[in-house]
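Written out below as structure tokens is the structure these notes cover.
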2 protein chains.
Amino acid sequence: MKAPAPELKAVIMAGGSGTRFWPLSRRRSPKQFLPIAGSRTMIEETVERILPLIPYRNILTVAGREHTRTILRLLPKLPKKNTLVEPLARNTAPSLILATASVYLLNPRAAVAVLASDHLIGDPALFRRKLQAAASAATAGECLVTFGIPPTFPSTGYGYIHYRKDESRKTAGEAFFPVLAFKEKPTEAQARAFLSEGGYFWNSGMFVWRADVFAAKLEEYSPEFYPFWGRTLDALRAHSPSKLKAVFSEMPAISIDYALMEKARGVVVCKGDFGWSDVGAWSSLFDVWKRDRAGNSFQGDVLAVDTGGTLCFNPGKFTALIGCRDLIVVNTRDALLICPRSQDQRVKEVLEHLVGRGARKHL
Amino acid sequence: MKAPAPELKAVIMAGGSGTRFWPLSRRRSPKQFLPIAGSRTMIEETVERILPLIPYRNILTVAGREHTRTILRLLPKLPKKNTLVEPLARNTAPSLILATASVYLLNPRAAVAVLASDHLIGDPALFRRKLQAAASAATAGECLVTFGIPPTFPSTGYGYIHYRKDESRKTAGEAFFPVLAFKEKPTEAQARAFLSEGGYFWNSGMFVWRADVFAAKLEEYSPEFYPFWGRTLDALRAHSPSKLKAVFSEMPAISIDYALMEKARGVVVCKGDFGWSDVGAWSSLFDVWKRDRAGNSFQGDVLAVDTGGTLCFNPGKFTALIGCRDLIVVNTRDALLICPRSQDQRVKEVLEHLVGRGARKHL
């Protein structure tokens, strides 16, 4: 006899400050609120993608107060009570304790799918199938499920998940592999070794767990955080923002990976081969936007003479590129950025300079 | 007994369309009308530079009707009758026949100094001394005087003047060398040979001649153009724009170099070592604007991270450059240009493309 499908809640993490798409993204308009990868904002696309599986009433968001206002504007069908407000920005462990505790109070046995608001999924139908299977696996197996991305190159920008590739359990037709270890962002040599050895995925930062199982794992493997779980439940039951803020301010501002996933047993990983991209910097848009035969990706009226491998975002005015090779060019209303595509991770240095000189205008 | 100083008229050629500073320069606002090299427009600086020597009443301009309106706006002290209007844009030979004939009707023995409206002179006092000496030489010697620039590198972008370096005549303390030949823009090998051989100047395009001597040289060495001299005088005497337009439309649209200078005897050259630059393209501004220690020249609020040899003009908004090497970046109200500094001559290709696609907007 088949068990009924578990209740599945989505928690969309939307607190990110999205500095890597400066000058398009700003403090008040981070990547998830920009139509970077399509005609709609990334958070709208995130919701659209899961709606066939998870209705609005089961979708929650976690973000600060200001971002939450933007979320409600962009997603008018989302019930306001589903928008969880972080009292402070304290990394993902506090946020996910808040979100999972909120679900727990509604249904302790509900499955929680933790999703980013600013990732891209190339095959949404496959993604939904795997998400549903992960919910079943998390419910039946009382385990923490992660999504691992098959690495395509020895990236030093992602954490890795080392899994037991010769041993998997099938749930709803999908394979779930036992996780051996979480590996922090490696050196390039380490990353190359991971790829040649096999049995490694990139850590996508997407998770599925049953609310009560999450609590039990916290209790067993994260003595540092478990007391905050109870205090968070108390604050939520009391509907007390000030109590919640007090709990938040005491929690270490670390990621859920550090706080729980790396320490817990009973963690499994599902292969996330659904065309995932975290669209982590300007050059990742080469894979998202249309490319011409010279490998250029343009948004705007761009005239390219003898130019290749160049990404140009300048929707507002005419651009002429002559003899450019592998450049990123971004021109917004009030700022212009130019850098080689290999150095797009250094955009944060500009922001540091701006902070350093006390200029809030372009942040 | 010393002869009285000859009357000296300046003819400022302001008809240029200045495409090489696109997107800052446009058809209606060519380089001479832009404050590219200082706080005032280049034509204002050109006039300012000669005023201690030549008063407004002796300064004439030559340009089309539209440019002439701009000239009168920029130079309100210039008598309107001194702004000669070309009925058609027909290169420098027709323009200088018009200008010299206009002076001839006022005083056939006046000296005419032909100057560009968009050149830079580093040492204006020396320039004025040489200009005055050239006027004396042209008057006394009944010759055509040119200014030659000591070449600093084997440029293929200028014409060259081959002169007899071991034979000069002094006038007013300045040496005037007999010209052996005008050489068109050479190949790089030729240019290198010119420099190693010695006895070559760059052709600055600045000349001094007595109006009646110019006419006599035309008669003797340019039978093709001499008939137009008489017809131009007739049209001017008749105050007939339609007659002048008819003459202009029949004159070959060639430069005064081709039409007269290359053919004439009795041409001398004066060493133009007064810090001349024709500011011929964006990269020439590296020598005009202030440079930082990394060899960058910026106009605007520019944050440069690990960037060198880069020229950035973006006065209107903030610019962040990361890891840029030897780039030209120009951002104006409605267009953005990016190209390596070694390829700034290719800006004209952009204009050709724009003309080709029928876009008048950015021209």
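A note on labels: chains of the structure tokens are A, B, ... as shown, every chain counts residues from 1, and ligands are counted from 1 in their shown order.
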
>> Need to verify the contact set: region 58-63 of chain B, 6 Å, only C-alpha atoms, exclusion of same-chain residues closer than 6 positions in sequence. Can you return it as a list in words?
In response: Lys9, Ala10, Val11, Ile12, Met13, Ala14, Gly15, Asn82, Thr83, Leu84, Val85 and Glu86 of chain B

>> Can you pull out the residues contacting region 263-269 of chain A? Cut-off 6 Å, using only C-alpha atoms, and skip same-chain residues under 5 positions away; I want them as a PyMOL selection string.
In response: chain A and resi 143-147+176-179+221

Expected file contents, prior selection, N, CA and C atoms, as a short mmCIF file (atom, residue, chain, number, x, y, z; two decimals), in the first residue's frame:
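Generated file (part.cif):
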```cif
data_model
loop_
_atom_site.label_atom_id
_atom_site.label_comp_id
_atom_site.auth_asym_id
_atom_site.auth_seq_id
_atom_site.Cartn_x
_atom_site.Cartn_y
_atom_site.Cartn_z
N CYS A 143 15.63 11.40 6.85
CA CYS A 143 17.00 11.87 6.58
C CYS A 143 16.96 13.31 6.08
N LEU A 144 18.15 13.90 6.02
CA LEU A 144 18.29 15.23 5.42
C LEU A 144 18.72 15.02 3.97
N VAL A 145 17.96 15.59 3.04
CA VAL A 145 18.26 15.39 1.63
C VAL A 145 18.91 16.67 1.07
N THR A 146 19.96 16.46 0.30
CA THR A 146 20.57 17.61 -0.39
C THR A 146 20.52 17.35 -1.89
N PHE A 147 20.66 18.44 -2.65
CA PHE A 147 20.81 18.30 -4.10
C PHE A 147 22.26 18.59 -4.46
N PHE A 176 19.09 8.08 -4.23
CA PHE A 176 19.60 8.94 -3.16
C PHE A 176 20.85 8.28 -2.58
N PHE A 177 21.96 9.00 -2.63
CA PHE A 177 23.25 8.46 -2.23
C PHE A 177 23.62 8.93 -0.82
N PRO A 178 24.20 8.04 -0.02
CA PRO A 178 24.67 8.49 1.30
C PRO A 178 25.80 9.51 1.15
N VAL A 179 25.72 10.55 1.94
CA VAL A 179 26.77 11.58 1.91
C VAL A 179 27.90 11.15 2.84
N TYR A 221 23.09 16.47 16.57
CA TYR A 221 24.40 16.81 15.98
C TYR A 221 24.81 18.28 16.15
#
```

Compile a residue-level contact table for chain A against chain B at a cut-off of 10 Å, reporting for every qualifying residue the shortest atom pair and its distance in Å to one decimal, with only C-alpha atoms counted, rows ordered by chain and ascending number, as CSV.
```
residue,atom,partner,partner_atom,distance
A:Pro23,CA,B:Ala320,CA,9.1
A:Asp301,CA,B:Ala335,CA,9.7
A:Val302,CA,B:Leu336,CA,9.2
A:Leu303,CA,B:Val350,CA,7.5
A:Ala304,CA,B:Val350,CA,8.6
A:Val305,CA,B:Val350,CA,7.5
A:Thr307,CA,B:Cys339,CA,9.3
A:Asn314,CA,B:Leu336,CA,8.7
A:Gly316,CA,B:Asp334,CA,8.1
A:Lys317,CA,B:Asp334,CA,5.3
A:Phe318,CA,B:Ala335,CA,4.6
A:Thr319,CA,B:Leu336,CA,4.6
A:Ala320,CA,B:Leu337,CA,4.8
A:Leu321,CA,B:Ile338,CA,5.1
A:Ile322,CA,B:Cys339,CA,4.8
A:Gly323,CA,B:Cys339,CA,5.8
A:Cys324,CA,B:Cys339,CA,6.1
A:Arg325,CA,B:Pro340,CA,9.5
A:Leu327,CA,B:Cys324,CA,9.1
A:Ile328,CA,B:Ile322,CA,9.9
A:Val329,CA,B:Ile338,CA,8.9
A:Val330,CA,B:Ala320,CA,9.8
A:Asn331,CA,B:Leu336,CA,8.5
A:Thr332,CA,B:Lys317,CA,9.3
A:Arg333,CA,B:Lys317,CA,8.1
A:Asp334,CA,B:Lys317,CA,5.3
A:Ala335,CA,B:Phe318,CA,4.6
A:Leu336,CA,B:Thr319,CA,4.6
A:Leu337,CA,B:Ala320,CA,4.8
A:Ile338,CA,B:Leu321,CA,5.1
A:Cys339,CA,B:Ile322,CA,4.8
A:Pro340,CA,B:Gly323,CA,6.5
A:Arg341,CA,B:Gly323,CA,9.8
A:Ser342,CA,B:Gly323,CA,9.5
A:Gln343,CA,B:Gly323,CA,7.2
A:Asp344,CA,B:Ile322,CA,8.4
A:Arg346,CA,B:Ile322,CA,7.3
A:Val347,CA,B:Ile322,CA,7.6
A:Glu349,CA,B:Val305,CA,7.9
A:Val350,CA,B:Ala320,CA,6.8
A:Leu351,CA,B:Ala320,CA,9.6
A:His353,CA,B:Leu303,CA,8.2
A:Leu354,CA,B:Leu303,CA,8.8
A:Lys361,CA,B:Phe318,CA,9.8
A:His362,CA,B:Phe318,CA,8.0
```

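Taking CA of Gln190 (chain B) as the reference point, CA of Glu262 (chain B) is found at 18.4 Å.
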
> How would you write, as a PyMOL selection string, the set of residues in region 55-246 of chain A that DSSP gives as strand (DSSP E or B)?
Replying inline: chain A and resi 59-63+83-85+111-116+120-121+144-149+160-163+169-171+174-183+200-210

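Near Val279 (chain B), within 8 Å and counting only C-alpha atoms, sit Asp118, His119, Leu120, Ser277, Ala281, Trp282, Ser284 and Leu285 of chain B; same-chain residues fewer than 2 positions away were not included.
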
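Every protein, DNA or RNA residue with an atom at most 9 Å from Thr156 (chain B), where only C-alpha atoms count and chain neighbours fewer than 5 positions away do not, is listed here: Lys185, Pro186, Thr187, Glu188, Gln190 and Ala191 of chain B.
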
May I have the selected residues written with C-alpha atoms, as an mmCIF file, in the first residue's frame?
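To be explicit, this is the file written out as result_29.cif:
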```cif
data_model
loop_
_atom_site.group_PDB
_atom_site.id
_atom_site.type_symbol
_atom_site.label_atom_id
_atom_site.label_comp_id
_atom_site.auth_asym_id
_atom_site.auth_seq_id
_atom_site.Cartn_x
_atom_site.Cartn_y
_atom_site.Cartn_z
ATOM 1 C CA LYS B 185 51.461 59.278 -45.556
ATOM 2 C CA PRO B 186 54.243 56.691 -45.767
ATOM 3 C CA THR B 187 54.388 53.011 -44.958
ATOM 4 C CA GLU B 188 56.010 52.210 -41.653
ATOM 5 C CA GLN B 190 59.332 54.446 -45.296
ATOM 6 C CA ALA B 191 58.601 56.411 -42.139
#
```
